[in-house]
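Student: Structure file start-v1.txt, compact mmCIF, C-alpha atoms, is pasted below:
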```txt
# COMPACT_ATOMS: atom_id res chain seq x y z
CA MET A 180 115.00 136.05 116.45
CA SER A 181 113.48 139.20 114.99
CA GLY A 182 111.59 141.65 117.14
CA ALA A 183 108.26 140.63 115.66
CA ALA A 184 108.97 136.95 116.19
CA ARG A 185 109.95 137.60 119.78
CA LYS A 186 106.74 139.49 120.35
CA LEU A 187 104.76 136.62 118.86
CA ALA A 188 106.58 134.14 121.05
CA THR A 189 105.82 136.21 124.12
CA MET A 190 102.16 136.36 123.16
CA ALA A 191 102.08 132.65 122.62
CA ALA A 192 103.69 132.07 125.97
CA ALA A 193 101.11 134.28 127.63
CA ALA A 194 98.28 132.38 125.93
CA ALA A 195 99.74 129.07 126.95
CA THR A 196 98.69 128.89 130.53
CA THR A 197 99.17 125.12 130.50
CA THR A 198 101.77 122.86 128.98
CA ARG A 199 101.30 121.64 125.45
CA ALA A 200 101.03 118.09 126.73
CA ALA A 201 98.07 119.08 128.87
CA ARG A 202 96.39 120.89 125.98
CA ILE A 203 96.91 117.90 123.68
CA ARG A 204 95.42 115.68 126.33
CA SER A 205 92.31 117.75 126.87
CA LYS A 206 91.69 118.29 123.16
CA LEU A 207 91.97 114.63 122.26
CA GLU A 208 89.84 113.62 125.24
CA SER A 209 87.02 115.92 124.35
CA LEU A 210 87.10 115.66 120.56
CA LEU A 211 87.82 111.94 120.15
CA GLU A 212 86.12 110.60 123.28
CA THR A 213 89.19 108.57 124.07
CA THR A 214 89.03 105.59 126.38
CA VAL A 215 92.79 105.37 126.68
CA LEU A 216 95.11 108.29 126.15
CA GLU A 217 98.84 108.52 126.64
CA VAL A 218 100.72 111.69 125.81
CA GLU A 219 104.47 111.75 126.08
CA ASP A 220 106.67 114.75 125.41
CA VAL A 221 109.74 113.44 123.59
CA SER A 222 111.04 116.82 122.47
CA HIS A 223 114.29 116.25 124.32
CA GLN A 224 115.06 113.42 121.89
CA HIS A 225 114.98 115.91 119.06
CA ALA A 226 116.94 118.69 120.71
CA GLY A 227 119.39 118.93 117.83
CA HIS A 228 116.66 118.96 115.20
CA ALA A 229 116.61 121.98 112.89
CA ALA A 230 112.91 122.63 113.51
CA VAL A 231 113.45 122.57 117.25
CA ARG A 232 116.19 125.16 116.98
CA GLU A 233 113.88 127.25 114.76
CA SER A 234 111.32 127.33 117.53
CA GLY A 235 113.92 128.89 119.78
CA GLY A 236 114.57 125.67 121.62
CA ALA A 237 111.42 126.12 123.69
CA GLY A 238 110.72 122.39 123.61
CA GLU A 239 107.26 120.84 123.34
CA THR A 240 107.75 120.10 119.65
CA HIS A 241 107.69 116.30 119.50
CA PHE A 242 105.11 114.05 121.15
CA ASN A 243 104.16 110.42 121.19
CA VAL A 244 100.44 109.87 121.56
CA ARG A 245 98.58 106.63 122.02
CA VAL A 246 94.88 107.05 121.45
CA VAL A 247 92.14 104.49 121.88
CA SER A 248 88.77 105.77 120.73
CA PRO A 249 85.52 104.21 119.55
CA ASN A 250 85.38 106.99 116.94
CA PHE A 251 88.13 105.17 115.00
CA GLU A 252 85.78 102.28 114.26
CA GLY A 253 85.72 101.48 110.55
CA LYS A 254 88.29 104.15 109.75
CA THR A 255 91.57 103.61 107.93
CA LEU A 256 94.84 104.47 109.61
CA VAL A 257 95.14 107.55 107.42
CA SER A 258 91.76 108.87 108.50
CA ARG A 259 92.46 108.06 112.16
CA HIS A 260 95.69 109.98 112.05
CA ARG A 261 93.92 112.81 110.28
CA MET A 262 91.34 112.93 113.10
CA VAL A 263 94.14 113.30 115.61
CA TYR A 264 95.88 115.96 113.53
CA ASP A 265 92.58 117.83 113.05
CA ALA A 266 91.96 117.83 116.78
CA LEU A 267 95.40 119.32 117.30
CA SER A 268 95.45 121.76 114.38
CA GLU A 269 95.96 124.78 116.67
CA GLU A 270 98.94 123.12 118.29
CA LEU A 271 100.42 122.19 114.93
CA ALA A 272 100.08 125.80 113.85
CA SER A 273 101.85 127.03 116.99
CA GLY A 274 105.04 125.03 117.07
CA LEU A 275 104.01 121.40 117.51
CA HIS A 276 106.29 119.80 114.98
CA ALA A 277 105.80 116.06 114.95
CA LEU A 278 103.50 113.45 116.41
CA SER A 279 104.08 109.78 116.62
CA ILE A 280 100.58 108.33 116.68
CA VAL A 281 99.18 104.99 117.69
CA ALA A 282 95.44 105.03 117.00
CA LYS A 283 93.31 102.04 117.91
CA THR A 284 89.70 101.18 118.64
CA PRO A 285 88.73 99.68 122.03
CA GLU A 286 87.93 96.43 120.23
CA GLU A 287 91.36 96.19 118.65
CA VAL A 288 92.98 96.70 122.03
CA ALA A 289 90.76 94.07 123.63
CA GLY A 290 91.40 91.63 120.81
CA LYS A 291 95.11 91.93 121.24
CA LYS A 292 94.95 91.01 124.92
CA LYS A 293 93.09 87.76 124.34
CA MET B 975 124.13 110.00 115.36
CA ALA B 976 124.13 106.45 116.61
CA ALA B 977 120.85 105.83 114.88
CA THR B 978 122.23 107.26 111.64
CA ALA B 979 125.22 104.98 111.75
CA ALA B 980 123.07 101.95 112.52
CA ALA B 981 120.73 102.69 109.66
CA ALA B 982 123.60 103.26 107.28
CA THR B 983 125.05 99.90 108.20
CA LYS B 984 121.72 98.27 107.66
CA LEU B 985 121.37 99.73 104.21
CA THR B 986 124.76 98.69 103.00
CA THR B 987 124.68 95.16 104.36
CA LEU B 988 124.32 92.79 101.45
CA PRO B 989 121.92 89.89 101.68
CA ILE B 990 123.85 86.76 102.45
CA SER B 991 122.63 85.01 99.34
CA CYS B 992 124.15 87.43 96.87
CA PRO B 993 127.52 86.65 95.34
CA LEU B 994 130.12 87.92 97.69
CA PHE B 995 132.55 90.59 96.75
CA VAL B 996 135.52 89.31 94.88
CA PRO B 997 138.60 90.69 96.52
CA SER B 998 141.00 92.87 94.69
CA TYR B 999 144.10 91.06 93.60
CA ARG B 1000 146.62 92.86 95.71
CA PRO B 1001 149.45 90.72 97.00
CA ARG B 1002 150.12 91.18 100.70
CA ILE B 1003 153.55 89.92 101.57
CA GLY B 1004 153.59 87.66 104.57
CA THR B 1005 149.98 86.57 104.48
CA VAL B 1006 149.46 85.29 100.98
CA THR B 1007 150.23 81.87 99.65
CA ALA B 1008 152.38 83.06 96.82
CA VAL B 1009 154.70 85.97 96.45
CA PHE B 1010 154.84 87.67 93.12
CA PRO B 1011 156.27 90.91 91.85
CA ARG B 1012 154.29 93.82 93.19
CA VAL B 1013 151.93 95.41 90.77
CA LYS B 1014 151.05 99.03 91.13
CA THR B 1015 147.30 98.72 91.14
CA SER B 1016 144.87 96.14 92.30
CA SER B 1017 143.18 95.82 88.94
CA LEU B 1018 143.51 92.45 87.34
CA SER B 1019 144.03 93.78 83.87
CA SER B 1020 147.34 95.19 84.96
CA THR B 1021 148.63 91.91 86.35
CA SER B 1022 149.90 90.63 83.04
CA ALA B 1023 153.45 91.45 84.07
CA TRP B 1024 153.47 88.89 86.83
CA ALA B 1025 151.20 86.58 84.92
CA ARG B 1026 153.91 86.22 82.27
CA ARG B 1027 156.55 85.44 84.83
CA GLY B 1028 154.25 83.54 87.08
CA PRO B 1029 154.08 83.69 90.85
CA THR B 1030 156.95 82.31 92.86
CA ILE B 1031 155.94 80.20 95.80
CA SER B 1032 157.77 81.08 98.97
CA ARG B 1033 158.79 78.56 101.56
CA ARG B 1034 156.35 80.06 103.97
CA ALA B 1035 153.60 79.90 101.41
CA SER B 1036 154.16 76.24 100.64
CA SER B 1037 153.70 75.38 104.30
CA PHE B 1038 150.37 77.16 104.07
CA LEU B 1039 149.37 75.14 101.05
CA VAL B 1040 149.98 71.93 102.97
CA ARG B 1041 147.67 73.09 105.73
CA SER B 1042 145.01 74.28 103.34
CA SER B 1043 142.12 71.88 103.06
CA ILE B 1044 140.87 73.25 99.75
CA ALA B 1045 141.57 71.05 96.79
CA GLY B 1046 143.17 72.81 93.86
CA LEU B 1047 141.15 73.95 90.87
CA SER B 1048 142.43 71.14 88.64
CA GLU B 1049 141.82 68.52 91.34
CA THR B 1050 138.20 69.50 91.73
CA ALA B 1051 135.66 67.68 89.61
CA PRO B 1052 133.15 69.82 87.77
CA LYS B 1053 129.45 69.38 88.44
CA SER B 1054 126.63 70.18 86.13
CA SER B 1055 124.99 73.49 86.87
CA GLU B 1056 121.75 71.50 87.21
CA ASP B 1057 123.12 69.72 90.26
CA GLU B 1058 122.25 70.67 93.79
CA PHE B 1059 124.81 72.75 95.61
CA PRO B 1060 125.05 73.06 99.37
CA ALA B 1061 124.20 76.33 101.07
CA ALA B 1062 127.73 76.55 102.36
CA ALA B 1063 130.67 78.89 102.06
CA ALA B 1064 132.79 78.01 99.07
CA VAL B 1065 135.06 79.08 96.29
CA TYR B 1066 133.54 78.28 92.92
CA ALA B 1067 134.55 78.32 89.28
CA ILE B 1068 132.00 78.57 86.50
CA TYR B 1069 132.60 77.03 83.07
CA ASP B 1070 130.68 77.65 79.85
CA GLY B 1071 129.50 75.04 77.33
CA ASP B 1072 132.94 74.91 75.71
CA GLY B 1073 134.59 74.11 79.02
CA GLU B 1074 136.11 77.56 79.22
CA LEU B 1075 136.49 78.97 82.71
CA GLN B 1076 134.43 82.13 82.89
CA PHE B 1077 134.53 83.26 86.48
CA ILE B 1078 135.97 82.40 89.87
CA GLY B 1079 134.01 83.64 92.83
CA ILE B 1080 133.54 83.12 96.54
CA SER B 1081 130.32 83.03 98.46
CA ARG B 1082 129.01 82.34 101.92
CA ASN B 1083 126.15 80.47 100.30
CA VAL B 1084 127.28 78.85 97.09
CA ALA B 1085 123.85 77.42 96.30
CA ALA B 1086 122.31 80.88 96.32
CA SER B 1087 125.16 82.46 94.37
CA VAL B 1088 125.08 79.77 91.69
CA ALA B 1089 121.31 80.19 91.43
CA VAL B 1090 121.77 83.91 90.87
CA HIS B 1091 124.44 83.35 88.21
CA LYS B 1092 122.37 80.69 86.47
CA LYS B 1093 119.38 82.98 86.35
CA SER B 1094 121.27 85.97 84.99
CA LEU B 1095 123.70 84.11 82.70
CA PRO B 1096 122.19 80.73 81.77
CA ASP B 1097 124.35 80.36 78.66
CA LEU B 1098 127.61 80.85 80.50
CA CYS B 1099 126.84 78.50 83.41
CA ARG B 1100 127.22 74.90 82.23
CA SER B 1101 129.40 73.32 84.82
CA ILE B 1102 130.68 74.46 88.15
CA LYS B 1103 133.55 73.46 90.37
CA VAL B 1104 132.96 74.03 94.05
CA GLY B 1105 135.45 73.97 96.89
CA ILE B 1106 133.60 74.00 100.19
CA ILE B 1107 135.27 75.99 102.92
CA ASP B 1108 134.71 74.85 106.48
CA GLN B 1109 135.92 78.01 108.11
CA PRO B 1110 134.05 80.70 106.27
CA ASP B 1111 135.92 83.69 107.61
CA LYS B 1112 136.78 86.38 105.13
CA GLU B 1113 140.50 85.66 105.19
CA THR B 1114 140.08 81.95 104.46
CA LEU B 1115 137.62 82.67 101.67
CA THR B 1116 139.95 85.20 100.14
CA GLN B 1117 142.87 82.80 100.36
CA ALA B 1118 140.89 80.07 98.66
CA TRP B 1119 139.90 82.44 95.88
CA LYS B 1120 143.51 83.56 95.47
CA SER B 1121 144.81 80.01 95.26
CA TRP B 1122 142.33 79.07 92.52
CA MET B 1123 142.99 82.30 90.65
CA GLU B 1124 146.73 81.75 90.83
CA GLU B 1125 146.42 78.20 89.65
CA TYR B 1126 144.39 79.28 86.65
CA VAL B 1127 146.58 82.25 85.80
CA LYS B 1128 149.70 80.10 86.10
CA SER B 1129 148.41 77.41 83.78
CA THR B 1130 146.76 79.61 81.16
CA GLY B 1131 148.56 82.91 81.49
CA LYS B 1132 145.29 84.80 81.61
CA VAL B 1133 142.64 85.90 84.02
CA PRO B 1134 139.14 84.40 83.72
CA PRO B 1135 137.10 86.82 81.59
CA GLY B 1136 134.57 87.40 84.35
CA ASN B 1137 137.33 88.39 86.76
CA GLU B 1138 138.90 90.94 84.48
CA SER B 1139 138.98 94.41 85.89
CA GLY B 1140 135.90 96.37 84.93
CA ASN B 1141 133.96 93.30 83.86
CA ALA B 1142 130.59 93.64 85.54
CA THR B 1143 129.03 90.52 84.03
CA TRP B 1144 129.22 88.36 87.12
CA MET B 1145 129.46 90.64 90.04
CA ARG B 1146 126.54 92.57 91.32
CA GLN B 1147 127.24 96.24 91.04
CA PRO B 1148 126.53 98.29 94.13
CA PRO B 1149 123.02 99.66 93.69
CA ARG B 1150 123.15 103.20 92.40
CA LYS B 1151 121.11 105.55 94.47
CA LYS B 1152 118.44 107.29 92.50
CA PRO B 1153 118.62 111.05 92.57
CA ASP B 1154 115.85 112.83 94.43
CA LEU B 1155 113.12 114.28 92.26
CA ARG B 1156 113.03 118.05 91.84
CA LEU B 1157 110.15 120.25 90.87
CA THR B 1158 112.29 122.90 89.16
CA PRO B 1159 115.84 123.03 87.87
CA GLY B 1160 116.80 125.80 90.25
CA ARG B 1161 116.08 129.10 91.89
CA HIS B 1162 114.04 131.79 90.17
CA VAL B 1163 112.32 129.37 87.86
CA GLN B 1164 108.70 130.35 87.62
CA LEU B 1165 106.34 127.41 87.65
CA THR B 1166 104.00 127.51 84.66
CA VAL B 1167 101.44 125.32 86.42
CA PRO B 1168 100.10 125.66 89.95
CA LEU B 1169 102.18 123.75 92.47
CA GLU B 1170 99.21 121.64 93.54
CA GLU B 1171 98.81 120.43 89.99
CA LEU B 1172 102.47 119.54 89.82
CA ILE B 1173 102.26 117.55 93.05
CA ASP B 1174 99.15 115.82 91.74
CA LYS B 1175 100.94 114.85 88.54
CA LEU B 1176 104.00 113.69 90.44
CA VAL B 1177 102.18 111.33 92.80
CA LYS B 1178 99.95 109.94 90.07
CA GLU B 1179 102.70 109.31 87.54
CA ASN B 1180 104.95 107.52 90.00
CA LYS B 1181 104.01 104.35 91.83
CA VAL B 1182 105.64 105.28 95.13
CA VAL B 1183 106.66 108.79 96.13
CA ALA B 1184 108.17 109.69 99.48
CA PHE B 1185 108.17 113.34 100.45
CA ILE B 1186 110.99 113.55 102.92
CA LYS B 1187 113.15 116.04 104.77
CA GLY B 1188 116.58 115.97 103.24
CA SER B 1189 117.76 113.76 100.43
CA ARG B 1190 117.38 110.00 100.30
CA SER B 1191 121.11 109.60 100.78
CA ALA B 1192 121.21 112.07 103.66
CA PRO B 1193 117.81 112.39 105.30
CA LEU B 1194 117.62 115.24 107.78
CA CYS B 1195 115.03 113.81 110.10
CA GLY B 1196 114.77 110.52 111.93
CA PHE B 1197 111.29 109.79 110.62
CA SER B 1198 112.34 110.34 107.02
CA GLN B 1199 115.34 108.14 107.59
CA LYS B 1200 113.16 105.39 108.98
CA VAL B 1201 110.81 105.61 106.00
CA ILE B 1202 113.70 105.31 103.57
CA GLY B 1203 115.01 102.33 105.50
CA ILE B 1204 111.62 100.61 105.24
CA LEU B 1205 111.21 101.37 101.53
CA GLU B 1206 114.71 100.13 100.77
CA SER B 1207 114.23 96.99 102.84
CA VAL B 1208 111.15 95.96 100.86
CA GLY B 1209 113.01 96.70 97.63
CA SER B 1210 110.66 99.43 96.48
CA ASP B 1211 111.69 101.41 93.43
CA TYR B 1212 110.43 104.58 95.04
CA GLU B 1213 110.92 108.22 94.16
CA SER B 1214 111.93 110.68 96.83
CA ILE B 1215 111.59 114.42 96.98
CA ASP B 1216 113.06 116.81 99.53
CA VAL B 1217 110.48 119.18 101.01
CA LEU B 1218 113.21 121.27 102.62
CA ASP B 1219 114.89 122.01 99.29
CA GLU B 1220 113.46 125.49 98.76
CA GLU B 1221 115.83 126.09 95.87
CA HIS B 1222 114.45 123.32 93.69
CA ASN B 1223 111.09 122.72 95.32
CA PRO B 1224 109.95 126.19 96.36
CA GLY B 1225 106.77 126.20 98.42
CA LEU B 1226 106.43 122.43 98.35
CA ARG B 1227 106.54 122.04 102.12
CA GLU B 1228 103.53 124.24 102.77
CA THR B 1229 101.54 123.38 99.66
CA LEU B 1230 101.87 119.65 100.19
CA LYS B 1231 100.36 119.95 103.66
CA THR B 1232 97.24 121.45 102.09
CA TYR B 1233 97.22 119.11 99.11
CA SER B 1234 97.35 115.99 101.25
CA ASN B 1235 95.54 117.39 104.29
CA TRP B 1236 98.40 116.07 106.38
CA PRO B 1237 100.42 118.40 108.58
CA THR B 1238 103.70 116.54 109.01
CA PHE B 1239 106.50 114.87 107.08
CA PRO B 1240 107.48 112.42 105.76
CA GLN B 1241 104.47 111.60 103.58
CA ILE B 1242 104.30 108.52 101.41
CA PHE B 1243 102.06 108.27 98.38
CA VAL B 1244 101.26 105.08 96.52
CA ASP B 1245 99.31 105.27 93.25
CA GLY B 1246 98.48 108.90 93.96
CA GLU B 1247 97.01 108.19 97.40
CA LEU B 1248 98.49 109.23 100.70
CA VAL B 1249 99.37 106.07 102.60
CA GLY B 1250 100.50 107.99 105.64
CA GLY B 1251 103.62 109.00 107.46
CA CYS B 1252 106.30 107.10 109.26
CA ASP B 1253 104.03 105.49 111.88
CA ILE B 1254 101.57 104.07 109.38
CA LEU B 1255 104.29 102.82 107.07
CA ALA B 1256 105.99 101.10 109.99
CA VAL B 1257 102.74 99.43 111.09
CA MET B 1258 102.05 98.22 107.57
CA HIS B 1259 105.60 96.95 107.28
CA GLU B 1260 105.26 95.01 110.55
CA LYS B 1261 102.01 93.49 109.38
CA GLY B 1262 103.64 92.49 106.11
CA GLU B 1263 101.16 94.51 104.07
CA LEU B 1264 103.66 96.84 102.55
CA ALA B 1265 105.50 94.74 100.01
CA SER B 1266 102.32 93.78 98.15
CA LEU B 1267 100.97 97.33 98.21
CA LEU B 1268 104.18 98.77 96.79
CA LYS B 1269 104.63 96.18 94.09
CA SER B 1270 101.11 95.38 92.90
```
The structure in this file should be written as structure tokens.
Tutor:
Amino acid sequence: MSGAARKLATMAAAAATTTRAARIRSKLESLLETTVLEVEDVSHQHAGHAAVRESGGAGETHFNVRVVSPNFEGKTLVSRHRMVYDALSEELASGLHALSIVAKTPEEVAGKKK
Amino acid sequence: MAATAAAATKLTTLPISCPLFVPSYRPRIGTVTAVFPRVKTSSLSSTSAWARRGPTISRRASSFLVRSSIAGLSETAPKSSEDEFPAAAAVYAIYDGDGELQFIGISRNVAASVAVHKKSLPDLCRSIKVGIIDQPDKETLTQAWKSWMEEYVKSTGKVPPGNESGNATWMRQPPRKKPDLRLTPGRHVQLTVPLEELIDKLVKENKVVAFIKGSRSAPLCGFSQKVIGILESVGSDYESIDVLDEEHNPGLRETLKTYSNWPTFPQIFVDGELVGGCDILAVMHEKGELASLLKS
């Protein structure tokens, strides 16, 4: 890692007072008004991944999120995923590498249970 | 690694209905029904030496023949290719309109294999002899095929044309993997059009384009690998392009994110529209929506 990159990483670490999982959780909650939200850090499953090594092996690169939000109503899967990505744009710009997304409306979840 | 191996197996597994491989004609002393002079290669075209002299049946082999429940080629009555065939494992011989034997094959589902042959070669499939095999293990199937081949070679002195080495008329060739698309022929090639325009052209001129990490034959990320597996399983004639290949696709990785307004890879485009990444493709595949979208 170059000196500049190390400095950046240190700055990022200083800014990150919470874990990425917690930040993802709070951003999705507030921006998408989620009724159900599950955030799972699966970075360990991708430990050998090139992008993970690039990030210095700091972890917090891969997450599974399950989001249920009324805001998804009438939206295609592509736009739902985009809404999630938009909400997390800062995280994606700072080392979040991949998200596995399940995005449903409360109605869809209720319908499935019947 | 385990996942890679599993996926690789999945991709190479042939559907059960396709004509099975036809084994190479390499005598293995001790296990075959007939012993003939060794030939150097397994190719049938080079077997004329033993074909002239004919195979010699060993004592051991003749005891095998007694136990074998498969009737010989000449003892089997031909059926019209219009007849119904059972979906069972069998050795089969296909004759043309002149009664000339064209091809001897084995299959785990002779009905399906005959249907495939009839569709691709209607003129060469007039009548068919079928020897059903009760124990459809590979060894038994191979033995049955060998015994019919030997019988034919012994009586005519030649190999059925469809079984000649290099003849690809009857056997399905292993699908050739398409090369990945490339934006430029190599390093230091200046693009004459903006990259966004090139991407736009690429996704609009091709029905299905998958932007992946790594090549289609060696994807470098689990999500890309999964996407390829799905596309292959629905039989899509997709194009792939490696976003990590900075030599041939310089800047693609970053520019595509802006073009598609999508921050991660893989990305799959159909008719110029982003369908989504791995998750969305998998959901659509589960719902059975994918095949129609990709083929319409």
Student: Can you measure atom CA of Asp1174 of chain B to atom CA of Lys1151 of chain B for me? One decimal in Å is fine.
Tutor: 24.4 Å
Student: Find the residues near Glu270 of chain A: any atom within 12 Å, counting all atoms listed in the file, skip ones fewer than 2 places away on the same chain, and give them as number ranges by chain.
Tutor: A: 191, 195, 198-204, 206-207, 239-242, 263-268, 272-278; B: 1237
Student: I need the residue nearest Lys1053 of chain B from this list: B:Leu1098, B:Val1104, B:Leu1169, B:Val1088. Use all atoms listed in the file for the distance.
Tutor: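 So, comparing all the options, the nearest one is B:Val1104.
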Student: Name the closest residue to chain A among the candidates B:Phe1185, B:Trp1122, B:Phe1243, B:Tyr1069; distances are taken between atoms, counting all atoms listed in the file.
Tutor: B:Phe1243
Student: One number please: atom CA of Ser1210 of chain B to atom CA of Arg261 of chain A, in Å, one decimal.
Tutor: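 Distance between the two atoms: 25.5 Å.
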Student: At what distance in Å, to one decimal, does atom CA of Ser1129 of chain B lie from atom CA of Asn1083 of chain B?
Tutor: 27.9 Å
Student: List the residues sitting within 9 Å of (103.7, 102.1, 90.5) in the file's frame, using all atoms listed in the file, as a ChimeraX atom specification.
Tutor: /B:1178-1182,1211-1212,1244-1245,1268-1270
Student: List as a VMD selection string the residues having at least one atom at most 6 Å from position (114.3, 107.7, 99.9) as given in the file, counting only C-alpha atoms.
Tutor: chain B and resid 1190 1202 1214
Student: Output as a short mmCIF file (atom, residue, chain, number, x, y, z; two decimals) with C-alpha atoms, keeping the file's coordinate frame the set of chain B residues within 9 Å of chain A, with distances taken over only C-alpha atoms.
Tutor:
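Printed below is iface_28.cif as written:
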```cif
data_model
loop_
_atom_site.label_atom_id
_atom_site.label_comp_id
_atom_site.auth_asym_id
_atom_site.auth_seq_id
_atom_site.Cartn_x
_atom_site.Cartn_y
_atom_site.Cartn_z
CA LEU B 1194 117.62 115.24 107.78
CA CYS B 1195 115.03 113.81 110.10
CA GLY B 1196 114.77 110.52 111.93
CA ASN B 1235 95.54 117.39 104.29
CA TRP B 1236 98.40 116.07 106.38
CA PRO B 1237 100.42 118.40 108.58
CA THR B 1238 103.70 116.54 109.01
CA PHE B 1239 106.50 114.87 107.08
CA LEU B 1248 98.49 109.23 100.70
CA VAL B 1249 99.37 106.07 102.60
CA GLY B 1250 100.50 107.99 105.64
CA GLY B 1251 103.62 109.00 107.46
CA CYS B 1252 106.30 107.10 109.26
CA ASP B 1253 104.03 105.49 111.88
CA ILE B 1254 101.57 104.07 109.38
#
```
Student: Taking only C-alpha atoms into account, which of B:Asp1072, B:Glu1228, B:Glu1049, B:Glu1221 comes nearest Thr1158 of chain B?
Tutor: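 The closest residue to Thr1158 of chain B is B:Glu1221.
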